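Working notes for the structure below.
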Protein chains: 2
Amino acid sequence: MALLVQKFGGTSVGTTERIEAVADKVCRFRKEGHDVVVVVSAMSGETNRLIGLASAIMDEPTPREMDVLVSTGEQVTIALLSMALQKRGCEARSYTGSQVRILTDSTHTKARIRQIDEQRMREDLDAGRVVVVAGFQGIDENGNITTLGRGGSDTTAVALAAALKADECQIYTDVDGVYTTDPRVVDSARRLDRITFEEMIEMASLGSKVLQIRSVEFAGKYNVPLRVLSSFQDGGGTLITFEDDEVMEQPVVSGIAFNRDEAKLTISGVPDTPGSALGILKPVSEANIEVDMIVQNVGADNRTDFTFTVHRNDFNRARDVLNKVAADLGAREVSGDNKIAKVSIVGVGMRSHAGVATTMFEALSHEGINIQMISTSEIKISVVIDEKYLELAVRALHSAFDLDKPEGEA
Amino acid sequence: MALLVQKFGGTSVGTTERIEAVADKVCRFRKEGHDVVVVVSAMSGETNRLIGLASAIMDEPTPREMDVLVSTGEQVTIALLSMALQKRGCEARSYTGSQVRILTDSTHTKARIRQIDEQRMREDLDAGRVVVVAGFQGIDENGNITTLGRGGSDTTAVALAAALKADECQIYTDVDGVYTTDPRVVDSARRLDRITFEEMIEMASLGSKVLQIRSVEFAGKYNVPLRVLSSFQDGGGTLITFEDDEVMEQPVVSGIAFNRDEAKLTISGVPDTPGSALGILKPVSEANIEVDMIVQNVGADNRTDFTFTVHRNDFNRARDVLNKVAADLGAREVSGDNKIAKVSIVGVGMRSHAGVATTMFEALSHEGINIQMISTSEIKISVVIDEKYLELAVRALHSAFDLDKPEGEA
């Protein structure tokens with residue numbers, strides 16, 4: 001008999017019918033003898049409805065009042081889900097972030113959790129009740145309502161699991177787990193039974209948007225076993241594990257992630273002096289533009305070419321900044337391309353296996369795909385290619401690393 | 001410069017446009033130098049929407065969860081109104097019932113206020129901020145969210161005014177004050193500048209539904225000057241005063257109230273023994289039927305006729321109960337009439353004036369209206385008549401007591 005924290009997102013509780021389906025699922029776990037804490041988001045559409053009301057009044061609503069407003073969304077869901085559980089003879093009690101005392105800092109609309117008082121939840125669990133907690137929200141030291149920002153319900157679930165030392169934190173979503181790559185691109189994409197935290201973080205940040213990256217980091221920090229499952233289908237989902245727990249042989253590459261949201265900018269012929277990289281990136285960062293990949297090469301003439309990627313939405317703004325920088329630094333020219341895609345192979349197995357990059361580059365070359373940028377980390381290799389080759393590249397890599405085959409056979 | 005508590009109901013905050021209009025009004029008072037605490041209800045329709053969601057899940061939703069659900073309605077309004085105030089450069093801060101710590105008992109869906117912590121509000125007022133508080137809701141000793149029942153926002157406003165020792169509690173509504181009678185029935189009905197608490201309570205319980213009776217009682221208990229005003233028109237409204245404050249001459253009768261919601265039941269030929277009234281009313285009360293007027297006459301044959309009124313919705317149920325009672329008690333027969341109306345004259349002046357009843361009965365008799373039941377209290381005389389004479393009776397009485405004429409001339 002385990003203590004489970006189960007999180008259901010907005011789509012899973014989008015209608016009263018769906019809330020009843022969630023109640024069926026939760027009751028089943030309860031009747032099997034598990035202790036269950038449920039974390040829910042606002043019904044899908046509700047948060048946007050509330051934001052719409054605020055926008056009708058004020059262009060930039062005050063963050064404190066925004067939190068008071070949008071936190072009502074989850075409060076509605078916890079009440080409805082508790083009712084649906086009670087209807088099934090499953091004792092339940094709802095709690096807002098303030099009631100369960102999810103103490104956060106005072107950064108309204110993107111607060112961070114500081115501390116959770118698990119005493120009250122523990123009493124309910126001991127009394128056989130399901131505890132239903134509003135995700136995404138908390139309270140600061142002065143009793144002000146705060147929210148954790150969009151997607152923060154995952155973080156709430158992980159934080160509760162950590163505070164309660166839960167056996168598992170189950171994130172129910174509209175996908176049934178983490179796949180070797182996007183099944184819409186590769187037919188033979190396969191659900192992974194397990195994936196390591198590190199891989200998951202790399203996958204999430206690379207665009208496999210199954211989980212909020214902050215919640216994954218949080219889970220890693222507090223050793224919370226995290227499982228991604230489908231709200232709508234049965235199945236074991238994907239368990240996110242700590243690498244060290246695993247004695248079994250790891251596949252070399254666990255998945256292929258990709259991202260079409262980026263654009264590439266190059267500033268060429270920059271005099272290669274100390275501080276030139278800073279001179280380029282500081283104005284970009286000051287314009288609140290986030291930079292992803294960075295590549296720099298020094299040429300023979302002591303001038304350097306500096307290339308980086310930004311979100312495609314920031315492309316024009318970044319180019320304007322860069323044109324100004326180029327003039328200041330005496331660089332030769334600024335060029336850019338927003339028709340690129342990033343493809344990454346991710347796997348903790350590549351640490352101990354040589355030649356992974358070779359296999360990757362070979363597969364791409366075999367398809368005639370030119371690599372424009374390369375960036376590597378310990379468990380990931382990313383390349384930037386022409387956007388039009390994206391699907392081809394993903395399929396070629398999926399096959400080259402034997403991801404089509406059942407786990408263990410690779 | 002006064003400390004004002006202003007309450008705006010659901011219709012007054014029914015859209016974002018109306019919330020902006022409320023903000024205009026509140027800002028005006030603030031700029032005149034008054035300290036303002038605003039209490040708001042849920043946007044009109046919102047509470048019903050939430051109840052609809054609950055009904056879709058459960059026929060009789062658990063009261064605790066119902067309170068968690070519906071209390072979100074006011075929480076939305078406080079956030080939106082605070083934003084609208086801030087937009088106008090009027091510093092404001094919103095508080096839920098839990099945040100301002102409106103401590104209630106634990107009777108979910110109809111809790112009673114026990115205590116209010118005015119410290120936090122006082123700090124905001126001292127700092128020049130408008131305090132915006134969610135009406136209708138509180139928190140019990142264990143931190144559970146409670147609600148005061150429908151219309152409870154009036155009670156919240158009065159309770160805050162009492163706790164803060166406010167100079168005036170202003171209830172903004174869709175009428176511009178308390179009238180001598182319903183202007184839809186009598187064209188010459190006139191707005192009263194003042195009315196006493198006692199009269200107001202009698203008027204409210206008799207169907208002049210301007211204010212929730214509980215809030216009026218509360219105001220009386222804590223000596224809170226209460227004013228009813230219109231959200232949509234300017235004007236001084238009606239001030240509800242303590243009789244003792246008034247040295248001026250009171251009019252004999254202040255208003256004519258009426259009610260079409262009642263039905264009459266008679267059980268005749270009941271043996272007149274001790275306990276017979278109890279034998280009749282106890283089963284009615286046990287069936288959760290509320291009884292309003294009661295009249296009993298003992299006849300010559302030591303048998304008694306016992307007549308009482310109930311809400312029209314309870315008529316059939318009450319008759320069934322009474323038929324059973326008649327058999328048990330050996331009464332002659334049960335009869336009933338649900339085509340009746342109750343008309344009442346109300347006024348603290350009648351205490352010191354004889355002949356008020358005579359004037360009333362004369363006016364009705366003059367119009368050929370038969371009186372079926374009479375009931376009196378110190379400041380009120382009520383009669384039950386045939387429903388079809390209701391408008392005629394109200395007009396005749398309004399004129400007989402000179403209510404058409406401006407105050408002071410009566």
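Residues are referred to by chain and number: the chain letter is A, B, ... according to the order shown in the structure tokens, the number counts from 1 in that chain, and ligands are numbered separately from 1 in the order shown.
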
Helix (DSSP H, G or I) call set, DSSP backbone run, stretch 10-205 of chain B, as a ChimeraX atom specification: /B:16-31,46-57,63-87,119-126,152-164,197-205

For chain A, report every residue with an atom at most 7 Å from chain B (counting only C-alpha atoms), formatted as a ChimeraX atom specification. /A:16,53-54,56-58,61-62,65-66,68-69,72,75-76,79-80,82-84,87,99,143

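Separating atom CA of A:Ala157 from atom CA of A:Leu103 is a distance of 14.1 Å.
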
Give me the residues of stretch 288-396 of chain A that have any atom at most 12 Å from an atom of stretch 403-406 of chain A; for each, the nearest atom pair and the distance in Å, rounded to one decimal. Use only C-alpha atoms, sort by chain and number, and format it as a Markdown table.
| residue | atom | partner | partner_atom | distance |
| --- | --- | --- | --- | --- |
| A:Ile345 | CA | A:Leu403 | CA | 11.0 |
| A:Val346 | CA | A:Leu403 | CA | 11.7 |
| A:Gly347 | CA | A:Leu403 | CA | 11.5 |
| A:Val394 | CA | A:Leu403 | CA | 11.1 |
| A:Arg395 | CA | A:Asp404 | CA | 9.8 |
| A:Ala396 | CA | A:Leu403 | CA | 10.5 |

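Counting only C-alpha atoms and comparing A:Tyr389, A:Phe306, A:Phe242, A:Phe401, the residue that lies closest to A:Ile371 is A:Tyr389.
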
Who sits within 6 Å of B:Val37, only C-alpha atoms, same chain under 4 positions skipped, as an mmCIF file with N, CA and C atoms, in the first residue's frame:
data_model
loop_
_atom_site.group_PDB
_atom_site.id
_atom_site.type_symbol
_atom_site.label_atom_id
_atom_site.label_comp_id
_atom_site.auth_asym_id
_atom_site.auth_seq_id
_atom_site.Cartn_x
_atom_site.Cartn_y
_atom_site.Cartn_z
ATOM 1 N N VAL B 5 -18.118 51.942 5.095
ATOM 2 C CA VAL B 5 -18.114 50.596 4.514
ATOM 3 C C VAL B 5 -19.191 50.606 3.439
ATOM 4 N N VAL B 130 -7.741 51.747 -0.308
ATOM 5 C CA VAL B 130 -9.102 51.227 -0.225
ATOM 6 C C VAL B 130 -8.983 49.723 0.034
ATOM 7 N N VAL B 131 -9.775 49.219 0.969
ATOM 8 C CA VAL B 131 -9.756 47.794 1.287
ATOM 9 C C VAL B 131 -10.963 47.148 0.622
ATOM 10 N N VAL B 132 -10.723 46.137 -0.188
ATOM 11 C CA VAL B 132 -11.805 45.467 -0.914
ATOM 12 C C VAL B 132 -11.958 44.054 -0.356
#

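Note that atom CA of B:Gly97 and atom CA of A:Cys90 are 28.9 Å apart.
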
List the spatial neighbours of B:Ser44 as JSON, numbers by chain - criterion: any atom at most 7 Å away, only C-alpha atoms, same-chain residues fewer than 2 positions off excluded. {"B": [10, 11, 14, 42, 46]}

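The nearest approach to B:Asn223 among the residues B:Pro271, B:Gly237, B:Glu168, B:Asp176, with only C-alpha atoms taken into account, belongs to B:Glu168.
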
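Distances here use only C-alpha atoms; by that measure, the residue among B:Ser230, B:Thr47, B:Thr107, B:Ser377 closest to B:Phe8 is B:Ser230.
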
Find the residues around B:Asp301 up to 10 Å (only C-alpha atoms counted), leave out those fewer than 2 positions away in its own chain, and share them as number ranges by chain. B: 269, 271-272, 298-299, 303-304

Which residues come within 12 Å of A:Asn259, counting only C-alpha atoms, excluding same-chain residues fewer than 3 positions away, as a ChimeraX atom specification? /A:181-182,203-209,256,262-263,292,309-312,339-344,382-387,390-391,394

Where in stretch 186-391 of chain A does DSSP assign strand (DSSP E or B), given as JSON, numbers by chain? {"A": [191, 194, 195, 196, 226, 227, 228, 229, 230, 238, 239, 240, 241, 255, 256, 257, 258, 259, 262, 263, 264, 265, 266, 267, 268, 269, 270, 271, 291, 292, 293, 294, 295, 296, 297, 298, 303, 304, 305, 306, 307, 308, 309, 310, 311, 333, 334, 335, 336, 337, 340, 341, 342, 343, 344, 345, 346, 373, 374, 375, 376, 377, 380, 381, 382, 383, 384, 385, 386]}

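Considering the residues B:Leu278, B:Met43, B:Leu322, B:Ile294 and counting only C-alpha atoms, B:Ser335 has its shortest atom-to-atom contact with B:Leu322.
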